Amino acid sequence: MKYRRLKKTKDIARVLKTGKRAYAETLQMVFVPSKETAMAVCVGKKFGKSVARNRIKRLLREAFRNSAQAISPCSVLLIPKVKEEYSYQAFLRDVKKVLKKEKLLEDPLP
RNA sequence: CGAGCGGACUACGCGAUCGCGGCGCGCUUUGCGCGACGAGGAAAGUCCGGGCAUCGCAGGGCAGGACGCCUGAUAACGUCAGGUGAAGGCGACUUCAAGGAAAGUGCAACAGAAAUAAACCGCCCGCCGAGUUCCCGUUUUUCGGGACGCCCACGGGGAGAAAUUCCCGCGGCGGCAGGCAAGGGUGGAACGGCGAGGUAAGAGCUCACCGACGGAACGGUAACGCUCCGUGCCAUGUAAACCCCGUCCGAUGCAAGUUUGGAAACUUUUCACAUAGGGCUGCCCGCCCGAAAAGUUUCGUGAAUAACGCUCGAGCCCGUCGGCGACGGCGGGCGUAGAUAAAUGAUCGCGCUCGACAGAACCCGGCUUAUCGGUCCGUCUCGGAGA
RNA sequence: GGCCUUGUGGUCAAGCGGUUAAGACGGCGCCCUCUCACGGCGCAAUCCCGGGUUCGAUUCCCGGCAAGGUCA
């Protein structure tokens with residue numbers, strides 16, 4: 001499905017301030033309901049050099065894209081936790097788990 | 001065959017599905033579809049150099065900084081190429097911030113006799129050493145008092161009955177006056193090294209060889225090399241200490257900067273008001289100029305934003321010519337990322353040696369650092385074996 | 001992305017060619033005391049790492065690494 005990127009500093013700050021938080025083993029999700037779905041990934045310097053940070057961002061975006069097939073519109077911030085290794089499978093599992101827990105999925109996944 | 005040396009290249013591959021970025025084309029223009037393209041050798045560190053942009057022009061001097069054998073290459077360089085010299089390696093080859101220490105100043109701990117200059121020990125000649133010594137009083141000498149000294153072994157000769165004493169010689173020891181710099185447990189470094197002659201002992205005092213310095217000829221564009229002659233030689237190290245000499249450098253960096261982001265008029269306040277303040281460079285000369293804030297009225301309203309800068313450039317590939325080479329000339333061909341919270345990923349299948357370091361952010365030329373491996377080249381080197 | 005600064009015991013730090021690498025707080029051990037505190041004595045440093053210059057570098061030079069600051 002299509003979603004927007006959450007880009008502006010102001011928007012991200014608003015989500016961080018007012019959003020509801022949900023936790024899983026490998027990541028944290030912050031979200032507020034909104035008109036259309038928007039998402040951002042937060043990966044700071046503590047995750048390593050640029051190659052490592054880009055890798056995390058790609059994995060998380062892919063996990064979000066493949067798990068949020070049908071989602072009630074909201075602004076989402078995905079914040080991973082610092083680990084030794086990162087895998088797509090773990091991110092996919094945890095994104096699904098977190099979305100399910102907060103009952104954001106309109107149609108339950110098969 | 002083994003061990004090396006130098007150089008060049010490469011950086012998992014193929015297929016399928018879903019997805020991402022800008023571009024082009026098409027459409028029913030929110031968007032959708034199709035198409036080709038889409039990170040590196042270091043994209044990194046930001047250590048140099050240049051383009052580009054702004055500071056009105058980029059002007060002068062000082063300060064400051066960088067570089068430092070020679071010749072060339074280049075837009076330029078601290079880079080590269082070819083040479084010179086020095087050091088290392090059996091060798092192929094590698095490494096080197098490699099100008100000046102007789103312009104001046106500083107520093108050289110500890111050790112050592114002595115540290116940038118000479119004499120502590122030492123070596124040698126002479127003189128003295130059971131009083132031909134010195135001082136005071138008296139004084140012709142004598143005499144009186146005091147100070148210091150009156151060493152050891154051997155040989156020869158003389159006197160004497162002997163103890164002992166006198167003379168001479170040689171050596172040591174001590175003292176005095178000189179000569180010398182050969183030797184001396186140090187040190188990073190001790191007025192050149194080593195051998196011979198020479199000498200009382202010694203010394204470039206003399207000589208040979210090596211080194212140093214000066215001059216000339218020859219070779220080389222030059223650094224420099226080589227030969228000859230001369231000077232017997234005097235002046236340690238450090239300039240990645242200050243410094244001197246030579247060459248170069250205006251500053252700031254794409255968050256530069258340009259356009260839109262409101263414009264115009266009026267009023268008020270604050271600072272400054274000329275030997276002032278601000279700007280152009282840290283300072284001086286020189287040049288330019290008042291600056292900032294608030295309010296009201298009319299049209300206008302997106303604001304760490306949007307567009308430009310932004311990718312065709314000292315570009316890449318092939319051929320050929322010139323050059324030892326870096327590189328340059330000529331001809332032909334190619335169109336090859338331009339994002340802005342920032343694009344390359346996921347899954348499946350097959351193969352293998354099971355995949356390192358790592359992600360463009362204005363662009364180039366270098367340097368440096370990180371890196372699992374693999375491939376190729378060479379009249380290349382050393383060792384072993386065979387023919 | 002550009003431009004700068006700093007690395008010395010656990011912490012804050014001085015030193016800037018030859019030191020046994022000052023000092024303060026803290027830690028540990030011993031002494032003092034009936035005990036604690038105070039006091040006294042002692043111990044603990046790869047001078048961020050690797051090269052170079054020098055007889056000799058914490059210090060000078062070069063290259064890394066790690067922190068921090070600043071510019072719309």
# chains A, B, ... in the order shown; residues from 1 in each chain; ligands from 1
call {"tool": "residues_around", "arguments": {"residues": "range 18-24 of chain A", "least_positions_apart": "3", "cutoff": "9 Å", "atoms": "only C-alpha atoms (C1' of nucleotides)", "output": "list in words"}}
result
Ala13, Arg14, Val15, Leu27, Gln28, Met29, Val30, Phe31, Val32, Pro33, Ser75, Val76, Asp94, Val95, Lys97, Val98, Leu99, Lys101 and Glu102 of chain A
call {"tool": "write_last_selection", "arguments": {"atoms": "C-alpha atoms", "output": "short mmCIF file (atom, residue, chain, number, x, y, z; two decimals), in the first residue's frame"}}
result
data_model
loop_
_atom_site.label_atom_id
_atom_site.label_comp_id
_atom_site.auth_asym_id
_atom_site.auth_seq_id
_atom_site.Cartn_x
_atom_site.Cartn_y
_atom_site.Cartn_z
CA ALA A 13 8.22 16.65 17.19
CA ARG A 14 4.43 16.68 17.47
CA VAL A 15 4.22 12.90 17.19
CA LEU A 27 11.79 -1.55 18.28
CA GLN A 28 9.50 1.11 19.65
CA MET A 29 6.53 2.64 17.82
CA VAL A 30 5.08 6.09 18.42
CA PHE A 31 1.84 7.05 16.64
CA VAL A 32 -1.08 9.44 16.48
CA PRO A 33 -4.20 9.00 14.32
CA SER A 75 1.29 9.05 11.71
CA VAL A 76 3.84 6.49 12.78
CA ASP A 94 7.70 -7.01 15.69
CA VAL A 95 6.05 -4.44 13.43
CA LYS A 97 2.97 -7.54 16.65
CA VAL A 98 2.93 -3.89 17.60
CA LEU A 99 0.29 -2.97 15.02
CA LYS A 101 -1.52 -4.94 19.81
CA GLU A 102 -2.67 -1.39 19.21
#
call {"tool": "interface_residues", "arguments": {"of": "chain B", "to": "chain A", "cutoff": "10 Å", "atoms": "only C-alpha atoms (C1' of nucleotides)", "output": "PyMOL selection string"}}
result
chain B and resi 18-20+304+341+344-346+358-359
call {"tool": "atom_distance", "arguments": {"atom1": "C1' of C65 in chain C", "atom2": "C1' of U8 in chain C"}}
result
17.3 Å
call {"tool": "residues_around", "arguments": {"residues": "C47 in chain C", "least_positions_apart": "6", "cutoff": "12 Å", "atoms": "only C-alpha atoms (C1' of nucleotides)", "output": "NGL selection string"}}
result
:C and (7-9 or 15 or 21 or 57-59)
call {"tool": "residues_around", "arguments": {"residues": "range 49-55 of chain C", "least_positions_apart": "6", "cutoff": "10 Å", "atoms": "only C-alpha atoms (C1' of nucleotides)", "output": "JSON, numbers by chain"}}
result
{"B": [97, 108, 187, 188, 189, 237, 238, 240], "C": [17, 61, 62, 63, 64, 65]}
call {"tool": "atom_distance", "arguments": {"atom1": "CA of Lys17 in chain A", "atom2": "CA of Lys103 in chain A"}}
result
21.1 Å
call {"tool": "select_by_dssp", "arguments": {"residues": "chain A", "states": "alpha helix (DSSP H)", "output": "compact mmCIF listing (two decimals) with C-alpha atoms, in the first residue's frame"}}
result
# COMPACT_ATOMS: atom_id res chain seq x y z
CA THR A 9 10.83 18.38 11.98
CA LYS A 10 7.67 19.99 13.32
CA ASP A 11 5.53 16.94 12.55
CA ILE A 12 8.00 14.55 14.06
CA ALA A 13 8.22 16.65 17.19
CA ARG A 14 4.43 16.68 17.47
CA VAL A 15 4.22 12.90 17.19
CA LEU A 16 6.95 12.43 19.75
CA LYS A 17 5.22 14.76 22.17
CA THR A 18 1.60 13.68 21.88
CA SER A 50 26.26 5.51 7.55
CA VAL A 51 26.24 2.09 5.92
CA ALA A 52 24.85 0.48 9.06
CA ARG A 53 22.25 3.22 9.54
CA ASN A 54 21.04 2.99 5.93
CA ARG A 55 20.72 -0.77 6.31
CA ILE A 56 18.45 -0.39 9.35
CA LYS A 57 16.28 2.18 7.60
CA ARG A 58 15.81 -0.03 4.55
CA LEU A 59 14.93 -3.07 6.62
CA LEU A 60 12.40 -1.16 8.71
CA ARG A 61 10.73 0.49 5.73
CA GLU A 62 10.43 -2.86 4.00
CA ALA A 63 8.97 -4.42 7.15
CA PHE A 64 6.45 -1.60 7.50
CA ARG A 65 5.47 -1.77 3.82
CA ASN A 66 4.88 -5.51 3.92
CA SER A 67 3.00 -5.60 7.23
CA TYR A 88 14.39 -8.29 8.36
CA GLN A 89 12.51 -11.25 9.87
CA ALA A 90 12.69 -9.85 13.40
CA PHE A 91 11.60 -6.39 12.30
CA LEU A 92 8.67 -7.81 10.28
CA ARG A 93 7.50 -9.91 13.24
CA ASP A 94 7.70 -7.01 15.69
CA VAL A 95 6.05 -4.44 13.43
CA LYS A 96 3.12 -6.81 12.94
CA LYS A 97 2.97 -7.54 16.65
CA VAL A 98 2.93 -3.89 17.60
CA LEU A 99 0.29 -2.97 15.02
CA LYS A 100 -1.90 -5.82 16.16
CA LYS A 101 -1.52 -4.94 19.81
call {"tool": "select_by_dssp", "arguments": {"residues": "chain A", "states": "strand (DSSP E)", "output": "PyMOL selection string"}}
result
chain A and resi 4-5+20-23+27-33+38-41+74-80
